[in-house]
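Text of final_26.cif, listed as mmCIF, C-alpha atoms:
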```
data_model
loop_
_atom_site.label_atom_id
_atom_site.label_comp_id
_atom_site.auth_asym_id
_atom_site.auth_seq_id
_atom_site.Cartn_x
_atom_site.Cartn_y
_atom_site.Cartn_z
CA MET A 1 36.62 10.76 -56.90
CA MET A 2 37.50 9.48 -53.45
CA ALA A 3 40.84 8.16 -54.72
CA ASP A 4 41.52 11.53 -56.30
CA ARG A 5 40.77 13.25 -53.01
CA ASP A 6 43.04 10.80 -51.16
CA LEU A 7 45.90 11.58 -53.47
CA ASN A 8 45.57 15.28 -52.91
CA LEU A 9 44.89 15.36 -49.19
CA ARG A 10 48.41 16.47 -48.35
CA GLU A 11 48.13 19.27 -50.88
CA LEU A 12 44.87 20.37 -49.31
CA LEU A 13 46.54 21.10 -45.96
CA PRO A 14 47.36 24.77 -46.78
CA LEU A 15 43.79 25.31 -47.96
CA TYR A 16 42.53 23.65 -44.79
CA ALA A 17 44.72 25.91 -42.65
CA LEU A 18 43.37 28.94 -44.53
CA GLY A 19 39.77 27.82 -43.93
CA ALA A 20 39.31 27.71 -47.71
CA LEU A 21 37.94 24.16 -47.94
CA GLU A 22 34.28 23.23 -48.11
CA GLU A 23 32.67 19.93 -47.18
CA PRO A 24 33.39 17.10 -47.80
CA GLU A 25 37.07 17.96 -48.33
CA ARG A 26 37.39 19.63 -44.93
CA ARG A 27 36.09 16.48 -43.23
CA ASP A 28 38.36 14.30 -45.38
CA VAL A 29 41.40 16.28 -44.25
CA GLU A 30 40.36 16.05 -40.61
CA ALA A 31 39.82 12.31 -40.88
CA GLU A 32 43.21 11.92 -42.56
CA LEU A 33 44.86 13.93 -39.78
CA GLU A 34 43.40 11.53 -37.25
CA ARG A 35 44.51 8.53 -39.30
CA ASP A 36 48.01 9.72 -40.13
CA PRO A 37 49.60 11.79 -37.33
CA SER A 38 52.65 12.40 -39.53
CA LEU A 39 50.54 15.02 -41.30
CA GLU A 40 50.25 17.06 -38.11
CA ALA A 41 53.74 18.55 -38.35
CA GLU A 42 53.06 19.58 -41.92
CA LEU A 43 49.78 21.17 -40.92
CA ALA A 44 51.60 23.05 -38.15
CA ARG A 45 53.88 24.61 -40.78
CA TRP A 46 50.86 25.86 -42.77
CA VAL A 47 49.11 27.12 -39.67
CA ALA A 48 52.28 29.12 -38.97
CA GLN A 49 51.75 30.84 -42.35
CA VAL A 50 48.17 31.62 -41.41
CA GLU A 51 49.49 33.05 -38.14
CA ALA A 52 51.90 35.19 -40.15
CA LEU A 53 49.02 36.41 -42.31
CA ALA A 54 47.12 37.19 -39.11
CA GLU A 55 50.05 39.41 -38.16
CA SER A 56 49.53 41.40 -41.35
CA VAL A 57 46.26 42.67 -39.90
CA PRO A 58 46.48 45.50 -37.36
CA PRO A 59 45.59 44.15 -33.90
CA VAL A 60 42.41 45.45 -32.30
CA PRO A 61 42.43 45.47 -28.49
CA PRO A 62 39.09 44.22 -27.18
CA SER A 63 37.13 46.39 -24.78
CA GLU A 64 37.35 45.70 -21.06
CA THR A 65 33.63 44.85 -21.16
CA VAL A 66 34.20 42.00 -23.61
CA ARG A 67 36.98 40.60 -21.44
CA ALA A 68 34.92 40.83 -18.26
CA ARG A 69 31.88 39.31 -19.93
CA LEU A 70 33.88 36.41 -21.30
CA LEU A 71 35.54 35.60 -18.00
CA ALA A 72 32.19 35.76 -16.22
CA ALA A 73 30.61 33.45 -18.80
CA LEU A 74 33.24 30.68 -18.53
CA PRO A 75 31.53 27.55 -17.31
CA HIS A 76 33.19 25.78 -14.41
CA ARG A 77 35.83 23.41 -15.68
CA SER A 78 34.09 20.13 -16.04
CA ALA A 79 33.81 17.39 -18.56
CA SER A 80 30.47 16.49 -17.04
CA VAL A 81 27.72 15.80 -19.51
CA ALA A 82 25.25 17.07 -16.92
CA ALA A 83 23.27 20.06 -18.13
CA ARG A 84 24.93 23.23 -16.96
CA SER A 85 22.73 25.52 -15.05
CA TRP A 86 21.39 28.63 -16.72
CA MET A 87 20.56 29.84 -13.28
CA GLY A 88 24.26 29.96 -12.46
CA TRP A 89 24.98 32.35 -15.28
CA ALA A 90 21.89 34.41 -14.61
CA ALA A 91 22.90 34.71 -10.96
CA ALA A 92 26.46 35.69 -11.98
CA ALA A 93 25.10 38.36 -14.31
CA VAL A 94 22.80 39.73 -11.63
CA LEU A 95 25.62 39.69 -9.08
CA ALA A 96 27.86 41.56 -11.52
CA LEU A 97 25.20 44.20 -12.04
CA VAL A 98 24.54 44.56 -8.31
CA ALA A 99 28.26 44.78 -7.60
CA GLY A 100 28.63 47.43 -10.28
CA TRP A 101 25.74 49.35 -8.79
CA LEU A 102 27.13 49.22 -5.26
CA ALA A 103 30.58 50.23 -6.47
CA TRP A 104 29.00 53.24 -8.05
CA GLY A 105 28.46 54.50 -4.53
CA ASN A 106 26.23 57.48 -4.72
CA VAL A 107 22.83 56.08 -5.54
CA GLY A 108 21.43 59.56 -6.03
CA LEU A 109 23.64 60.11 -9.06
CA ARG A 110 22.22 57.20 -10.95
CA SER A 111 20.57 58.85 -13.88
CA GLU A 112 18.52 57.47 -16.68
CA LEU A 113 21.76 57.02 -18.59
CA GLU A 114 23.05 54.45 -16.10
CA THR A 115 19.73 52.65 -16.12
CA ARG A 116 19.88 52.42 -19.90
CA LEU A 117 23.48 51.27 -19.80
CA ALA A 118 22.51 48.59 -17.31
CA GLU A 119 19.67 47.51 -19.58
CA ARG A 120 22.02 47.38 -22.54
CA ASP A 121 24.55 45.38 -20.52
CA ALA A 122 21.83 43.00 -19.39
CA GLU A 123 20.80 42.47 -23.02
CA ALA A 124 24.40 41.93 -24.03
CA THR A 125 24.86 39.48 -21.16
CA ARG A 126 21.75 37.62 -22.24
CA ALA A 127 23.02 37.44 -25.84
CA ALA A 128 26.42 36.25 -24.63
CA ARG A 129 24.72 33.65 -22.45
CA LEU A 130 22.71 32.35 -25.40
CA ALA A 131 25.86 32.12 -27.50
CA SER A 132 27.65 30.35 -24.64
CA GLU A 133 24.80 27.94 -24.19
CA LEU A 134 24.77 27.13 -27.89
CA ALA A 135 28.53 26.59 -28.00
CA ASP A 136 28.29 24.52 -24.86
CA THR A 137 25.53 22.34 -26.26
CA ARG A 138 27.54 21.75 -29.42
CA ILE A 139 30.56 20.74 -27.40
CA ARG A 140 28.49 18.43 -25.19
CA LEU A 141 27.11 16.78 -28.31
CA GLU A 142 30.61 16.34 -29.74
CA ARG A 143 31.71 14.81 -26.43
CA LEU A 144 28.79 12.41 -26.43
CA VAL A 145 29.60 11.34 -29.98
CA LEU A 146 33.25 10.90 -29.06
CA ALA A 147 32.36 8.94 -25.91
CA HIS A 148 30.17 6.68 -28.00
CA GLU A 149 32.99 6.14 -30.51
CA ILE A 150 35.33 5.07 -27.70
CA VAL A 151 32.88 2.63 -26.16
CA ALA A 152 31.96 1.17 -29.55
CA ALA A 153 35.56 0.95 -30.85
CA PRO A 154 36.87 -2.51 -31.75
CA GLY A 155 38.89 -3.91 -28.86
CA ALA A 156 37.55 -1.34 -26.38
CA ARG A 157 37.87 -2.61 -22.82
CA GLY A 158 35.82 -1.62 -19.82
CA VAL A 159 37.00 -1.52 -16.22
CA ARG A 160 34.59 -1.21 -13.30
CA LEU A 161 35.55 1.10 -10.43
CA ALA A 162 34.09 0.66 -6.95
CA GLY A 163 34.58 1.90 -3.42
CA LEU A 164 31.82 4.36 -2.61
CA ALA A 165 28.60 2.78 -1.45
CA GLY A 166 25.85 3.29 -4.01
CA ALA A 167 28.18 4.81 -6.63
CA ALA A 168 28.93 3.07 -9.92
CA ALA A 169 31.75 3.93 -12.29
CA GLN A 170 33.35 2.49 -15.35
CA THR A 171 36.22 3.37 -17.69
CA TYR A 172 36.43 2.31 -21.33
CA VAL A 173 39.67 2.51 -23.27
CA ASP A 174 39.87 2.49 -27.06
CA PRO A 175 43.31 0.94 -27.72
CA GLY A 176 43.34 2.30 -31.30
CA SER A 177 42.90 6.00 -30.56
CA ARG A 178 44.38 5.78 -27.03
CA ARG A 179 41.35 7.61 -25.74
CA ALA A 180 39.27 6.70 -22.74
CA VAL A 181 35.92 7.67 -21.37
CA PHE A 182 34.97 7.55 -17.69
CA TYR A 183 31.36 7.35 -16.57
CA ALA A 184 30.09 7.53 -13.02
CA SER A 185 26.68 7.67 -11.42
CA HIS A 186 25.30 8.24 -7.94
CA LEU A 187 28.44 10.05 -6.82
CA PRO A 188 28.04 12.52 -3.93
CA PRO A 189 29.20 16.08 -4.75
CA ALA A 190 32.88 16.71 -3.93
CA PRO A 191 33.41 18.58 -0.63
CA ASP A 192 33.79 22.39 -0.73
CA GLU A 193 36.91 23.58 -2.53
CA ARG A 194 37.73 20.01 -3.47
CA THR A 195 37.34 18.17 -6.73
CA TYR A 196 37.36 14.61 -7.95
CA GLN A 197 40.39 13.61 -9.98
CA LEU A 198 40.71 10.52 -12.16
CA TRP A 199 44.02 8.65 -12.42
CA PHE A 200 45.33 5.69 -14.30
CA ILE A 201 48.21 3.69 -12.88
CA ALA A 202 50.66 2.82 -15.67
CA ASP A 203 53.87 0.96 -14.93
CA GLY A 204 53.26 1.56 -11.23
CA GLU A 205 52.99 5.34 -11.56
CA PRO A 206 49.76 7.32 -11.17
CA VAL A 207 49.05 9.60 -14.16
CA SER A 208 46.37 12.29 -13.96
CA ALA A 209 43.49 11.75 -16.38
CA GLY A 210 41.78 15.01 -15.39
CA VAL A 211 39.41 16.47 -12.86
CA PHE A 212 35.66 16.29 -13.14
CA GLU A 213 32.54 17.68 -11.56
CA VAL A 214 29.44 15.82 -10.61
CA GLY A 215 26.06 16.67 -12.15
CA PRO A 216 22.86 17.19 -10.15
CA GLU A 217 21.97 13.49 -10.37
CA GLY A 218 25.42 12.41 -9.22
CA GLU A 219 26.56 11.63 -12.76
CA ALA A 220 29.89 12.48 -14.37
CA THR A 221 31.64 11.84 -17.66
CA LEU A 222 35.26 12.53 -18.49
CA LEU A 223 37.02 12.07 -21.81
CA VAL A 224 40.71 11.29 -21.61
CA GLU A 225 43.17 11.76 -24.47
CA ASP A 226 46.54 10.06 -24.85
CA VAL A 227 46.13 7.37 -22.24
CA ALA A 228 48.99 4.93 -21.81
CA PRO A 229 48.86 1.76 -23.95
CA MET A 230 46.09 -0.43 -22.60
CA GLU A 231 48.42 -3.27 -21.57
CA SER A 232 50.48 -0.98 -19.33
CA ILE A 233 47.47 0.33 -17.38
CA GLN A 234 47.19 -1.62 -14.15
CA ALA A 235 44.36 0.28 -12.51
CA TRP A 236 42.11 3.31 -12.51
CA ALA A 237 41.35 5.38 -9.42
CA VAL A 238 39.46 8.46 -8.32
CA THR A 239 40.76 10.65 -5.50
CA VAL A 240 39.46 13.81 -3.82
CA GLU A 241 41.89 16.67 -4.39
CA PRO A 242 42.19 20.45 -4.03
CA GLU A 243 40.30 22.40 -6.72
CA GLY A 244 42.02 22.42 -10.08
CA GLY A 245 43.68 19.05 -9.42
CA VAL A 246 47.20 18.04 -8.46
CA PRO A 247 50.11 16.44 -10.37
CA GLN A 248 50.31 13.48 -7.96
CA PRO A 249 47.50 12.06 -5.86
CA THR A 250 47.36 13.43 -2.32
CA GLY A 251 43.77 12.88 -1.21
CA GLU A 252 41.52 10.05 -0.23
CA MET A 253 40.98 7.36 -2.88
CA VAL A 254 37.24 6.92 -3.25
CA LEU A 255 36.99 4.68 -6.31
CA LYS A 256 39.32 2.04 -7.68
CA GLY A 257 39.17 -0.60 -10.36
CA MET B 1 59.58 26.06 -30.12
CA ASP B 2 60.08 29.63 -28.91
CA ALA B 3 59.70 30.70 -25.28
CA GLU B 4 56.44 32.55 -25.99
CA THR B 5 54.84 29.44 -27.49
CA ALA B 6 56.07 27.29 -24.62
CA GLN B 7 54.51 29.74 -22.18
CA ASP B 8 51.26 29.75 -24.16
CA ILE B 9 51.13 25.96 -24.06
CA GLN B 10 51.67 26.04 -20.33
CA LEU B 11 48.85 28.59 -19.90
CA LEU B 12 46.52 26.53 -22.05
CA THR B 13 47.36 23.37 -20.12
CA ARG B 14 46.59 25.15 -16.86
CA ALA B 15 43.34 26.46 -18.36
CA ALA B 16 42.43 22.90 -19.34
CA GLY B 17 42.76 22.04 -15.66
CA GLY B 18 40.35 24.83 -14.72
CA ASP B 19 42.79 27.70 -14.04
CA ARG B 20 40.88 30.86 -14.95
CA THR B 21 43.79 33.19 -14.29
CA ALA B 22 45.92 31.31 -16.80
CA PHE B 23 43.09 31.57 -19.30
CA ALA B 24 42.73 35.32 -18.68
CA ASP B 25 46.49 35.65 -19.36
CA LEU B 26 46.07 33.74 -22.60
CA PHE B 27 43.23 36.09 -23.57
CA ASP B 28 45.37 39.14 -22.81
CA ARG B 29 48.23 37.78 -24.91
CA HIS B 30 46.22 36.99 -28.03
CA ALA B 31 42.82 38.66 -28.02
CA SER B 32 44.04 41.73 -29.93
CA VAL B 33 45.47 39.71 -32.80
CA VAL B 34 42.40 37.46 -32.92
CA LEU B 35 40.03 40.44 -32.81
CA GLY B 36 42.06 42.14 -35.56
CA VAL B 37 41.58 39.07 -37.75
CA LEU B 38 37.87 38.94 -36.95
CA VAL B 39 37.31 42.65 -37.65
CA SER B 40 39.14 42.29 -40.96
CA LEU B 41 36.84 39.43 -41.94
CA VAL B 42 33.42 40.53 -40.74
CA ARG B 43 34.07 44.29 -40.87
CA ASP B 44 31.77 44.94 -37.96
CA ARG B 45 33.27 45.61 -34.54
CA ALA B 46 30.24 44.40 -32.55
CA ALA B 47 29.89 41.16 -34.55
CA ALA B 48 33.67 40.62 -34.33
CA GLU B 49 33.63 41.03 -30.53
CA GLU B 50 30.81 38.53 -30.27
CA LEU B 51 32.84 36.06 -32.36
CA LEU B 52 35.89 36.78 -30.19
CA GLN B 53 33.92 35.84 -27.12
CA ASP B 54 32.59 32.67 -28.81
CA THR B 55 36.11 31.73 -29.90
CA PHE B 56 37.63 32.05 -26.44
CA LEU B 57 34.68 30.29 -24.87
CA GLN B 58 35.26 27.42 -27.28
CA ALA B 59 38.97 27.52 -26.41
CA TRP B 60 38.12 27.21 -22.70
CA ASN B 61 35.74 24.33 -23.34
CA GLU B 62 38.08 22.51 -25.71
CA ALA B 63 41.42 23.34 -24.06
CA GLU B 64 41.96 19.69 -23.20
CA ARG B 65 41.66 18.80 -26.89
CA TYR B 66 44.35 21.23 -28.06
CA ARG B 67 47.18 19.41 -29.85
CA PRO B 68 50.55 21.16 -29.83
CA ALA B 69 51.68 19.06 -32.82
CA ARG B 70 49.13 20.76 -35.06
CA ALA B 71 49.44 24.43 -34.16
CA THR B 72 50.75 26.88 -31.62
CA PRO B 73 48.05 28.04 -29.19
CA ARG B 74 47.84 31.31 -31.10
CA GLY B 75 47.55 29.50 -34.44
CA TRP B 76 44.85 27.32 -32.90
CA LEU B 77 42.94 30.40 -31.68
CA VAL B 78 43.31 32.17 -35.02
CA MET B 79 42.04 29.12 -36.91
CA MET B 80 39.08 28.70 -34.55
CA ALA B 81 38.20 32.38 -34.84
CA ARG B 82 38.49 32.34 -38.63
CA SER B 83 36.39 29.23 -38.86
CA ARG B 84 33.61 30.89 -36.85
CA ALA B 85 33.80 34.11 -38.90
CA ILE B 86 33.85 32.16 -42.17
CA ASP B 87 30.78 30.15 -41.10
CA LEU B 88 29.02 33.44 -40.38
CA LEU B 89 30.08 34.99 -43.69
CA ARG B 90 29.07 31.91 -45.65
CA SER B 91 25.66 31.82 -43.98
CA GLN B 92 25.23 35.50 -44.85
CA GLY B 93 26.54 34.82 -48.35
CA ALA B 94 23.61 32.46 -48.89
CA ARG B 95 21.28 35.41 -48.44
CA MET B 96 23.19 38.16 -50.20
CA LYS B 97 26.06 38.62 -52.55
CA ARG B 98 28.70 40.02 -50.27
CA GLU B 99 31.15 42.55 -51.56
CA VAL B 100 34.57 41.25 -50.72
CA ALA B 101 37.15 43.91 -50.11
CA VAL B 102 40.55 42.33 -49.78
CA GLY B 103 43.83 43.44 -48.32
CA PRO B 104 44.71 44.52 -44.81
CA GLU B 105 44.80 48.16 -45.92
CA LEU B 106 41.02 48.11 -46.36
CA LEU B 107 40.14 47.42 -42.75
CA GLY B 108 37.16 49.09 -41.18
CA ASP B 109 37.12 51.31 -38.11
CA GLY B 110 38.22 50.19 -34.71
CA THR B 111 41.83 49.45 -35.55
CA VAL B 112 44.42 50.91 -33.27
CA GLY B 113 47.87 51.93 -34.44
CA PRO B 114 51.09 50.68 -32.86
CA VAL B 115 52.38 52.53 -29.80
CA GLY B 116 54.84 50.57 -27.59
CA THR B 117 57.91 48.37 -28.18
CA ASP B 118 55.89 45.19 -28.61
CA GLU B 119 53.67 47.04 -31.03
CA ILE B 120 56.67 48.29 -33.00
CA GLU B 121 57.91 44.70 -33.31
CA ALA B 122 54.42 43.63 -34.36
CA ASP B 123 54.41 46.43 -36.90
CA GLU B 124 57.73 45.23 -38.30
CA ARG B 125 56.37 41.68 -38.64
CA ARG B 126 53.28 43.09 -40.28
CA ARG B 127 55.39 44.95 -42.84
CA ALA B 128 57.45 41.81 -43.49
CA VAL B 129 54.33 39.73 -44.17
CA LEU B 130 52.85 42.43 -46.40
CA ALA B 131 56.15 42.66 -48.30
CA ALA B 132 56.18 38.88 -48.73
CA LEU B 133 52.60 39.01 -50.03
CA GLN B 134 53.53 41.80 -52.42
CA GLY B 135 56.37 39.65 -53.67
CA LEU B 136 54.01 36.91 -54.84
CA PRO B 137 52.90 36.67 -58.48
CA VAL B 138 49.71 38.68 -58.68
CA GLU B 139 47.45 35.72 -59.47
CA GLN B 140 48.71 33.78 -56.42
CA ARG B 141 48.42 36.81 -54.17
CA GLN B 142 44.88 37.48 -55.36
CA CYS B 143 43.77 33.91 -54.48
CA ILE B 144 45.40 34.01 -51.02
CA GLU B 145 43.98 37.45 -50.26
CA LEU B 146 40.46 36.43 -51.26
CA ALA B 147 40.73 33.32 -49.08
CA PHE B 148 42.45 34.91 -46.09
CA TYR B 149 41.06 38.46 -45.92
CA GLY B 150 37.79 37.73 -47.71
CA GLY B 151 37.05 34.38 -46.02
CA LEU B 152 36.15 32.82 -49.39
CA SER B 153 36.40 29.09 -50.03
CA HIS B 154 38.50 27.89 -52.95
CA ARG B 155 35.26 27.32 -54.88
CA GLN B 156 34.09 30.88 -54.20
CA VAL B 157 37.50 32.22 -55.21
CA ALA B 158 37.26 30.24 -58.46
CA ASP B 159 33.78 31.69 -59.14
CA ARG B 160 34.90 35.19 -58.29
CA LEU B 161 37.95 35.04 -60.57
CA GLU B 162 36.20 32.92 -63.22
CA GLN B 163 39.05 30.41 -63.09
CA PRO B 164 38.91 26.61 -62.91
CA LEU B 165 38.88 25.21 -59.37
CA GLY B 166 42.10 23.25 -59.93
CA THR B 167 43.89 26.40 -61.04
CA VAL B 168 42.81 28.24 -57.90
CA LYS B 169 43.91 25.34 -55.67
CA SER B 170 47.36 25.28 -57.26
CA ARG B 171 47.71 29.05 -57.04
CA ILE B 172 46.90 28.99 -53.32
CA LEU B 173 49.29 26.09 -52.75
CA LEU B 174 52.12 27.72 -54.73
CA GLY B 175 51.47 31.08 -53.11
CA MET B 176 51.52 29.62 -49.61
CA ARG B 177 54.78 27.78 -50.39
CA ARG B 178 56.40 30.98 -51.64
CA LEU B 179 55.13 32.86 -48.63
CA LYS B 180 56.65 30.22 -46.38
CA GLU B 181 60.01 30.56 -48.12
CA ALA B 182 59.87 34.35 -48.01
CA LEU B 183 59.09 34.39 -44.29
CA ALA B 184 61.53 31.63 -43.29
CA PRO B 185 63.85 32.92 -40.56
#
```

Represent the structure contained in this file as structure tokens.
Amino acid sequence: MMADRDLNLRELLPLYALGALEEPERRDVEAELERDPSLEAELARWVAQVEALAESVPPVPPSETVRARLLAALPHRSASVAARSWMGWAAAAVLALVAGWLAWGNVGLRSELETRLAERDAEATRAARLASELADTRIRLERLVLAHEIVAAPGARGVRLAGLAGAAAQTYVDPGSRRAVFYASHLPPAPDERTYQLWFIADGEPVSAGVFEVGPEGEATLLVEDVAPMESIQAWAVTVEPEGGVPQPTGEMVLKG
Amino acid sequence: MDAETAQDIQLLTRAAGGDRTAFADLFDRHASVVLGVLVSLVRDRAAAEELLQDTFLQAWNEAERYRPARATPRGWLVMMARSRAIDLLRSQGARMKREVAVGPELLGDGTVGPVGTDEIEADERRRAVLAALQGLPVEQRQCIELAFYGGLSHRQVADRLEQPLGTVKSRILLGMRRLKEALAP
């Protein structure tokens, strides 16, 4: 059965792109894609057909409300495993409502209709928040699983980073998948409008491994894809940079290993 | 890679670094197509908009895991959206036998007709894809339509058409190959 599935995995790619596979075939295809990157180009060709089919459907512009709600619900960019605050979203929703109310201007004109609309919006925001939270939890779980896979991979190597008193940090690289995971604890929050950025130094050049935020307990986790081959990485470092990160390090180096 | 795709990849890369404006641009460029696909699958505007929001939220959270070798950003978004809609449909399917109406001509309310130049181009592409679909042997077209517009798995398509699973798989594969040839630039 397994051998039969193996033989046909390439032929299952169009069905995978269409979303027409069920378990376990879907998982088999995904595992094969990880194992054999040469399949990716072929998958891309099938996904292009699915895109073409998507063009056969008349587009439906989303309402402005959906757009605004989505953009307000985006969590701050962070690979931190720290629990994201519900309070943050609740506060954003309340702020949005208050801002809308103030913009309305003439308070006297607020009729029952507006009140009901506000109630409906609040309900919708709550529902969106629940959906966001669920999606977020799923992603955090996937990240944890992935982080565990990296640390437990054969040949994985850990590097300790130091420099900030009281803070501890470590990077593990899985040489097979070329992925890395960075853990830190007891880090102080980054200064206002600044962010921490992780780098690896490969062949003497710093390469950005991404920015990260620090959780309430000073903890942070960052998953890094496509790191340089392990033997060419000479060091890892964390710098403090402007929000969003920079292509080359400019700020103070706070951790190194 | 065309210029549009290159620009999308750049926007997605910036979004992965936390750039919300880039992400909003990406939303503006693709949300209509993605919502069209979702409405065609779930046939409920409110449910489709909720799925649209979930899809883009997932895109924001997983932007750093996007792999250009596997799909264009739009293909990636369409696949994510379809996967979410299909999960929803299959979970509903466990409770009730869903009537599957196939074909883009059977879409529910909420669709908006083309108006501007971009829309006219989109309409031309739409006609080309529909013509290519029409050009397929009927049994291949039926399988692809049930899978794409109906969100059915190959097993469900086989049940629906009372055909062996292997036959349905080959029909989808052959149909997709023909479609690819028909749409090749």

Pick from B:Arg29, B:Arg84, B:Arg171, B:Arg74: nearest to Pro137 of chain B, with only C-alpha atoms counted?
B:Arg171

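Near Glu4 of chain B, within 12 Å and counting only C-alpha atoms, sit Met1, Gln7, Asp8, Ile9, Gln10, Leu11, Leu26, Arg29, His30, Thr72, Pro73 and Arg74 of chain B; same-chain residues fewer than 3 positions away were not included.
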
Do a neighbour search on segment 155-172 of chain A at 7 Å with only C-alpha atoms, toss out local chain neighbours closer than 4 positions, and write the hits as a ChimeraX atom specification.
/A:150-151,180-187,254-257

Give as a ChimeraX atom specification the residues that the PyMOL selection byres ((chain A and resi 231) around 10) matches when applied to the coordinates above.
/A:175,202-203,228-230,232-234

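Reported to one decimal place, the separation of atom CA of Val66 of chain A from atom CA of Ser83 of chain B is 20.0 Å.
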
Rank nothing, just name the residue among B:Thr13, B:Gln92, B:Ser40, B:Gln142 nearest to chain A, using all atoms listed in the file.
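Closest to chain A of all the choices is B:Ser40.
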
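With all atoms listed in the file as the atoms that count, the residue of A:Glu34, A:Glu123, A:Glu205, A:Glu225 with the shortest distance to chain B is A:Glu225.
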
Show me, as JSON, the centre and edge lengths in Å to one decimal of the axis-aligned box that covers every listed atom of segment 148-154 of chain A with 4 Å on each side.
```
{"center_x": 33.5, "center_y": 2.1, "center_z": -29.0, "size_x": 14.7, "size_y": 17.2, "size_z": 13.6}
```

Could you give me, as a list in words, the residues within 8 Å of Glu193 of chain A, counting all atoms listed in the file and dropping anything in the same chain fewer than 2 positions from it?
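Returned residues: Pro191, Thr195, Pro242 and Glu243 of chain A.
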
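We find atom CA of Ala22 of chain B and atom CA of Val211 of chain A to be spaced 16.7 Å apart.
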